[in-house]
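With mmCIF, C-alpha atoms inside, this is model_15.cif:
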data_entry
#
loop_
_atom_site.label_atom_id
_atom_site.label_comp_id
_atom_site.auth_asym_id
_atom_site.auth_seq_id
_atom_site.Cartn_x
_atom_site.Cartn_y
_atom_site.Cartn_z
CA MET A 1 0.00 0.00 0.00
CA ASP A 2 1.30 3.44 -0.91
CA SER A 3 1.77 5.32 2.38
CA THR A 4 1.44 8.64 0.57
CA ASN A 5 -2.23 7.88 -0.02
CA SER A 6 -2.96 7.16 3.63
CA THR A 7 -5.57 9.39 5.28
CA ALA A 8 -4.03 8.99 8.72
CA PRO A 9 -2.62 12.24 10.18
CA PRO A 10 1.17 12.60 10.38
CA PRO A 11 2.63 11.39 13.70
CA ASN A 12 3.25 14.95 14.92
CA ARG A 13 -0.41 15.84 14.34
CA ARG A 14 -1.89 12.77 16.01
CA ARG A 15 -5.13 13.43 17.85
CA TYR A 16 -5.33 12.81 21.59
CA GLY A 17 -8.85 12.60 22.87
CA GLY A 18 -10.02 13.93 19.52
CA VAL A 19 -7.95 17.12 19.83
CA LEU A 20 -5.21 18.10 17.38
CA PRO A 21 -1.78 19.20 18.71
CA GLU A 22 -2.25 22.80 17.56
CA GLU A 23 -5.57 22.94 19.39
CA ARG A 24 -3.94 21.69 22.57
CA GLN A 25 -1.16 24.22 22.18
CA ARG A 26 -3.69 27.01 21.70
CA ALA A 27 -5.50 25.90 24.86
CA ARG A 28 -2.20 25.89 26.80
CA ARG A 29 -1.40 29.35 25.49
CA GLU A 30 -4.76 30.62 26.71
CA LYS A 31 -4.09 29.11 30.14
CA LEU A 32 -0.73 30.89 30.26
CA ILE A 33 -2.40 34.18 29.39
CA GLU A 34 -4.91 33.62 32.20
CA GLY A 35 -2.02 32.81 34.51
CA GLY A 36 -0.29 35.98 33.35
CA VAL A 37 -3.34 38.07 34.22
CA GLU A 38 -3.30 36.57 37.70
CA VAL A 39 0.40 36.93 38.46
CA PHE A 40 1.18 40.16 36.59
CA GLY A 41 -1.99 41.69 38.00
CA SER A 42 -1.13 40.64 41.54
CA LYS A 43 2.65 41.02 41.74
CA GLY A 44 3.52 43.29 38.83
CA PHE A 45 5.68 42.50 35.83
CA HIS A 46 9.01 42.98 37.61
CA GLY A 47 7.93 40.81 40.52
CA THR A 48 6.83 37.90 38.35
CA THR A 49 8.74 34.74 37.40
CA VAL A 50 8.06 32.18 34.69
CA ARG A 51 7.61 29.52 37.35
CA GLU A 52 4.87 31.53 39.09
CA VAL A 53 2.98 31.95 35.82
CA CYS A 54 3.26 28.23 35.12
CA VAL A 55 1.98 27.37 38.60
CA ALA A 56 -1.01 29.68 38.07
CA ALA A 57 -1.66 28.10 34.66
CA HIS A 58 -1.14 24.53 35.98
CA LEU A 59 1.49 23.91 33.30
CA THR A 60 5.21 23.12 33.27
CA GLU A 61 7.86 25.56 32.08
CA ARG A 62 8.32 23.44 28.99
CA TYR A 63 4.90 24.55 27.81
CA PHE A 64 5.63 28.16 28.64
CA TYR A 65 8.52 28.24 26.18
CA GLU A 66 6.41 26.41 23.63
CA SER A 67 4.37 29.61 23.25
CA PHE A 68 6.51 32.47 24.57
CA LYS A 69 10.19 33.43 24.45
CA GLY A 70 10.00 35.12 27.83
CA LEU A 71 7.92 37.18 30.21
CA PRO A 72 7.89 40.35 28.06
CA GLU A 73 6.30 38.41 25.20
CA LEU A 74 3.71 36.93 27.56
CA PHE A 75 2.99 40.37 28.99
CA ILE A 76 2.28 41.69 25.49
CA ALA A 77 -0.12 38.79 24.90
CA VAL A 78 -1.86 39.46 28.22
CA TYR A 79 -2.12 43.19 27.52
CA THR A 80 -3.45 42.55 24.00
CA HIS A 81 -6.04 40.14 25.39
CA LEU A 82 -7.28 42.76 27.86
CA ARG A 83 -7.22 45.51 25.26
CA GLU A 84 -9.43 43.45 22.95
CA GLN A 85 -11.87 42.76 25.79
CA LEU A 86 -12.09 46.45 26.68
CA MET A 87 -12.50 47.59 23.08
CA ALA A 88 -15.30 45.06 22.49
CA LYS A 89 -17.12 46.29 25.60
CA THR A 90 -16.61 49.92 24.57
CA LEU A 91 -17.94 49.43 21.05
CA LEU A 92 -20.97 47.56 22.38
CA ALA A 93 -21.70 50.38 24.83
CA LEU A 94 -21.42 52.96 22.04
CA ARG A 95 -23.79 51.01 19.80
CA GLN A 96 -26.38 50.89 22.58
CA ALA A 97 -26.04 54.55 23.61
CA THR A 98 -28.24 57.46 22.60
CA PRO A 99 -26.33 59.26 19.81
CA THR A 100 -25.94 62.62 21.54
CA PRO A 101 -22.57 64.07 22.64
CA LEU A 102 -22.66 63.28 26.35
CA GLU A 103 -24.83 60.16 25.99
CA LEU A 104 -22.05 58.63 23.90
CA LEU A 105 -19.22 59.74 26.18
CA ASP A 106 -20.83 58.63 29.44
CA PRO A 107 -21.10 54.89 28.65
CA ALA A 108 -17.66 54.76 27.04
CA LEU A 109 -16.04 56.25 30.13
CA ARG A 110 -18.13 54.10 32.44
CA VAL A 111 -17.13 50.89 30.63
CA PHE A 112 -13.45 51.77 31.02
CA LEU A 113 -13.81 52.58 34.71
CA GLU A 114 -15.88 49.47 35.43
CA PHE A 115 -13.36 47.34 33.56
CA ILE A 116 -10.54 48.25 35.94
CA ARG A 117 -12.71 48.47 39.07
CA ASP A 118 -14.30 45.04 38.58
CA ASP A 119 -10.87 43.42 38.24
CA PRO A 120 -8.05 45.65 39.56
CA ARG A 121 -5.50 43.27 38.02
CA ARG A 122 -6.50 44.70 34.65
CA GLY A 123 -5.79 48.23 35.82
CA ARG A 124 -2.34 47.33 37.13
CA ILE A 125 -1.43 45.61 33.88
CA MET A 126 -2.85 48.22 31.50
CA LEU A 127 -2.27 51.47 33.37
CA VAL A 128 0.85 50.85 35.44
CA ASP A 129 3.12 48.02 34.32
CA SER A 130 2.56 48.49 30.59
CA LEU A 131 4.71 51.63 30.76
CA GLY A 132 7.77 49.89 32.21
CA VAL A 133 8.23 46.57 30.40
CA ASP A 134 10.20 47.42 27.26
CA SER A 135 10.11 49.62 24.17
CA GLU A 136 7.83 47.23 22.27
CA MET A 137 5.27 47.25 25.05
CA ALA A 138 5.50 51.05 25.24
CA ARG A 139 4.77 51.20 21.52
CA ILE A 140 1.73 48.92 21.87
CA SER A 141 0.46 50.94 24.82
CA GLY A 142 0.77 54.07 22.71
CA GLU A 143 -1.18 52.39 19.92
CA THR A 144 -3.97 51.59 22.35
CA ALA A 145 -4.21 55.21 23.44
CA ARG A 146 -4.29 56.26 19.78
CA ASP A 147 -7.08 53.76 19.06
CA TYR A 148 -9.23 55.41 21.70
CA SER A 149 -8.22 58.91 20.70
CA GLY A 150 -9.23 57.95 17.14
CA LEU A 151 -12.71 57.06 18.38
CA LEU A 152 -12.87 60.34 20.28
CA ARG A 153 -11.55 62.31 17.30
CA ALA A 154 -14.42 61.05 15.15
CA HIS A 155 -16.77 62.27 17.87
CA LEU A 156 -15.07 65.65 18.28
CA ILE A 157 -15.29 66.38 14.57
CA THR A 158 -19.09 66.26 14.88
CA LEU A 159 -18.98 68.71 17.80
CA VAL A 160 -16.45 71.30 16.69
CA PRO A 161 -17.58 73.65 13.88
CA PRO A 162 -15.38 73.68 10.75
CA HIS A 163 -14.16 77.23 11.39
CA MET A 164 -12.92 76.19 14.85
CA GLN A 165 -11.30 73.02 13.52
CA GLU A 166 -9.01 75.21 11.43
CA ALA A 167 -7.81 76.99 14.56
CA ILE A 168 -7.07 73.94 16.71
CA ASP A 169 -5.42 70.53 16.37
CA ILE A 170 -8.24 67.96 16.70
CA ASP A 171 -5.79 65.05 16.92
CA LEU A 172 -3.89 66.70 19.74
CA LEU A 173 -7.13 67.58 21.53
CA ALA A 174 -8.36 63.97 21.33
CA GLU A 175 -5.08 62.57 22.62
CA GLY A 176 -5.03 65.10 25.45
CA MET A 177 -8.57 64.27 26.54
CA ILE A 178 -7.85 60.53 26.49
CA GLY A 179 -4.69 61.18 28.49
CA LEU A 180 -6.74 63.08 31.08
CA ASN A 181 -9.23 60.20 31.33
CA ILE A 182 -6.39 57.70 31.85
CA LEU A 183 -4.77 59.90 34.49
CA LEU A 184 -8.03 60.27 36.44
CA ALA A 185 -8.70 56.52 36.21
CA SER A 186 -5.18 55.74 37.46
CA ARG A 187 -5.60 58.08 40.41
CA TRP A 188 -8.97 56.52 41.22
CA MET A 189 -7.42 53.06 41.14
CA GLN A 190 -4.47 54.09 43.33
CA GLU A 191 -6.93 55.39 45.93
CA GLY A 192 -8.67 52.02 46.06
CA PHE A 193 -11.74 53.02 44.02
CA ASN A 194 -13.09 54.80 47.08
CA THR A 195 -14.89 57.53 45.14
CA PRO A 196 -18.30 56.40 43.81
CA ILE A 197 -18.08 55.61 40.11
CA ASP A 198 -20.89 58.04 39.22
CA LYS A 199 -18.85 60.87 40.71
CA VAL A 200 -15.75 59.76 38.79
CA VAL A 201 -17.73 59.64 35.54
CA ARG A 202 -19.10 63.14 36.14
CA THR A 203 -15.60 64.40 36.88
CA ASN A 204 -14.32 62.86 33.65
CA LEU A 205 -17.20 64.41 31.71
CA LEU A 206 -16.71 67.93 33.04
CA PRO A 207 -14.03 68.97 30.49
CA TYR A 208 -16.21 67.64 27.67
CA GLN A 209 -19.22 69.55 28.98
CA GLY A 210 -17.14 72.71 29.09
CA MET A 211 -15.94 72.15 25.54
CA ILE A 212 -19.49 71.54 24.28
CA ALA A 213 -20.72 74.71 26.01
CA LEU A 214 -17.86 76.68 24.46
CA VAL A 215 -18.63 75.36 20.98
CA GLN A 216 -22.36 76.05 21.31
CA ALA A 217 -21.65 79.61 22.43
CA SER A 218 -19.36 80.33 19.48
#
Could I get this structure in the form of C-alpha cells?
Amino acid sequence: MDSTNSTAPPPNRRRYGGVLPEERQRARREKLIEGGVEVFGSKGFHGTTVREVCVAAHLTERYFYESFKGLPELFIAVYTHLREQLMAKTLLALRQATPTPLELLDPALRVFLEFIRDDPRRGRIMLVDSLGVDSEMARISGETARDYSGLLRAHLITLVPPHMQEAIDIDLLAEGMIGLNILLASRWMQEGFNTPIDKVVRTNLLPYQGMIALVQAS
C-alpha cells in the first residue's frame, strides 16, 4: 500500500482525545495568558517569574517556552487580550447609547472605569506596568491610546464647527482628553476606588461639557 495515499494524520499531528496538537497548544497558550493576568496583576511585571505563571496556569515551564520566548512576550499577549476585551465592551456600549454628545461619552467612560474596578488586576497591567516593560510594550500601549483617541476624534469632529477646527489641532485635543481620562482613572485606582463611580464619571465628563458649552456659544 502506498503510504502517501494514507488518510491517517502525520505522527506529529496525532489526535489525543479527539484534539489536534495545535488545538492543545492554543489551549495551553490561553491558560498561560490567564495565569499571566493573575500573576502580573497581583505582583507586577518585575515581581513575576516564569515559574509563578506556570503554577497559576497549571502547566510546566516546557509549555511556557512552547508559546513564549520570555515574560515580556507573555505580557504583550496578556495586555493585547485585555485591550481586545475592553474595546469590544466599549464598542458595544457605544452602539447601545443614545447618539448625543454626552450620551455617547458617558457609557464609554463608564465601561473603562468598570473594567478596571471590577478586576483591579487589569488596571495594574494596563495602566501601570505596561509603561515599564520594554520599548515594544511602550509602543503597543501608545497604539492603544491612539485607538481610543481615534474614536474620540471622530466624535469631536461632529462637535467642533469647521471654522474652529481650522484653529485647533483635533488630533492633539483627542489625545489630550484621552490622556486626562487615563490619568483620572489611574488616580482613582491608586486610591482604592473609594470615590463612587458616578462621581468619577461626572468628573471625567466635566471637560467635555465645558468644551461643548464653548462650541455652542461660538
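Evaluated against the shown file, the PyMOL selection byres ((chain A and resi 104) around 12) gives Thr90, Leu91, Leu92, Ala93, Leu94, Arg95, Gln96, Ala97, Thr98, Pro99, Thr100, Pro101, Leu102, Glu103, Leu105, Asp106, Pro107, Ala108, Leu109, Arg110, Val111, Leu151, Leu152, Ala154, His155, Leu156, Leu205 and Tyr208 of chain A.
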Within 12 Å of Leu206 in chain A, counting only C-alpha atoms, which residues show up once you throw out same-chain ones fewer than 2 positions away? Write them as an MDAnalysis selection string, please. chainID A and resid 102 105:106 177 180:181 199:204 208:213
Box in all listed atoms of range 108-111 of chain A, axis-aligned, with 3 Å more on each side; write out centre and edge lengths in Å to one decimal as AutoDock Vina command-line options.
--center_x -17.1 --center_y 53.6 --center_z 29.7 --size_x 8.1 --size_y 11.4 --size_z 11.4
Contacts of Arg51 in chain A at 9 Å (all atoms listed in the file; same-chain gap of 4+ positions) as an MDAnalysis selection string: chainID A and resid 55:56 60:61
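Here the PyMOL selection byres ((chain A and resi 44) around 10) matches the residues Gly36, Val37, Glu38, Val39, Phe40, Gly41, Ser42, Lys43, Phe45, His46, Gly47, Thr48, Arg121, Arg124, Ile125, Val128, Asp129 and Ser130 of chain A.
Our summary of the geometry notes that CA of Pro207 in chain A is positioned 20.3 Å from CA of Met189 in chain A.
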Separation of CA of Ser67 in chain A from CA of Leu131 in chain A, in Å and rounded to one decimal: 23.3 Å
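Nearest to Ser141 in chain A of all the residues A:Ala174, A:Leu127, A:His81, A:Lys69 is A:Leu127, based on only C-alpha atoms.
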Hey, can you pull every residue with an atom no more than 9 Å from (-20.6, 72.6, 15.6), using only C-alpha atoms, and send it as an MDAnalysis selection string? chainID A and resid 157:164 212 215:216 218
On this structure, the PyMOL selection byres ((chain A and resi 76) around 10) would catch which residues? List them as a count of residues only, sorted by chain and number. 21
Residue nearest Ile178 in chain A - candidates A:Gly35, A:Gly123, A:Gly132, A:Gly150, atoms counted: all atoms listed in the file: A:Gly150
Could you check how far CA of Asp147 in chain A sits from CA of Glu175 in chain A, in Å to one decimal? 9.7 Å
Kindly output range 31-42 of chain A as an mmCIF file, in the frame of the given file, after building N, CA, C and O atoms.
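Result file follows (result.cif):
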data_model
loop_
_atom_site.group_PDB
_atom_site.id
_atom_site.type_symbol
_atom_site.label_atom_id
_atom_site.label_comp_id
_atom_site.auth_asym_id
_atom_site.auth_seq_id
_atom_site.Cartn_x
_atom_site.Cartn_y
_atom_site.Cartn_z
ATOM 1 N N LYS A 31 -4.284 29.296 28.708
ATOM 2 C CA LYS A 31 -4.090 29.110 30.140
ATOM 3 C C LYS A 31 -2.932 29.956 30.655
ATOM 4 O O LYS A 31 -2.989 30.510 31.761
ATOM 5 N N LEU A 32 -1.873 30.069 29.853
ATOM 6 C CA LEU A 32 -0.730 30.890 30.260
ATOM 7 C C LEU A 32 -1.104 32.367 30.301
ATOM 8 O O LEU A 32 -0.645 33.107 31.182
ATOM 9 N N ILE A 33 -1.936 32.791 29.377
ATOM 10 C CA ILE A 33 -2.400 34.180 29.390
ATOM 11 C C ILE A 33 -3.245 34.433 30.633
ATOM 12 O O ILE A 33 -3.091 35.461 31.311
ATOM 13 N N GLU A 34 -4.114 33.485 30.967
ATOM 14 C CA GLU A 34 -4.910 33.620 32.200
ATOM 15 C C GLU A 34 -3.997 33.640 33.425
ATOM 16 O O GLU A 34 -4.212 34.429 34.361
ATOM 17 N N GLY A 35 -2.976 32.794 33.408
ATOM 18 C CA GLY A 35 -2.020 32.810 34.510
ATOM 19 C C GLY A 35 -1.261 34.115 34.572
ATOM 20 O O GLY A 35 -0.955 34.628 35.655
ATOM 21 N N GLY A 36 -0.960 34.693 33.397
ATOM 22 C CA GLY A 36 -0.290 35.980 33.350
ATOM 23 C C GLY A 36 -1.138 37.093 33.933
ATOM 24 O O GLY A 36 -0.632 37.968 34.654
ATOM 25 N N VAL A 37 -2.437 37.071 33.635
ATOM 26 C CA VAL A 37 -3.340 38.070 34.220
ATOM 27 C C VAL A 37 -3.286 37.987 35.741
ATOM 28 O O VAL A 37 -3.199 39.010 36.436
ATOM 29 N N GLU A 38 -3.306 36.760 36.251
ATOM 30 C CA GLU A 38 -3.300 36.570 37.700
ATOM 31 C C GLU A 38 -2.002 37.059 38.332
ATOM 32 O O GLU A 38 -2.021 37.832 39.297
ATOM 33 N N VAL A 39 -0.864 36.629 37.793
ATOM 34 C CA VAL A 39 0.400 36.930 38.460
ATOM 35 C C VAL A 39 0.874 38.353 38.158
ATOM 36 O O VAL A 39 1.282 39.083 39.076
ATOM 37 N N PHE A 40 0.813 38.775 36.905
ATOM 38 C CA PHE A 40 1.180 40.160 36.590
ATOM 39 C C PHE A 40 0.272 41.128 37.342
ATOM 40 O O PHE A 40 0.721 42.146 37.866
ATOM 41 N N GLY A 41 -1.024 40.795 37.364
ATOM 42 C CA GLY A 41 -1.990 41.690 38.000
ATOM 43 C C GLY A 41 -1.866 41.736 39.502
ATOM 44 O O GLY A 41 -2.291 42.706 40.134
ATOM 45 N N SER A 42 -1.271 40.701 40.090
ATOM 46 C CA SER A 42 -1.130 40.640 41.540
ATOM 47 C C SER A 42 0.239 41.111 42.023
ATOM 48 O O SER A 42 0.346 41.812 43.037
#
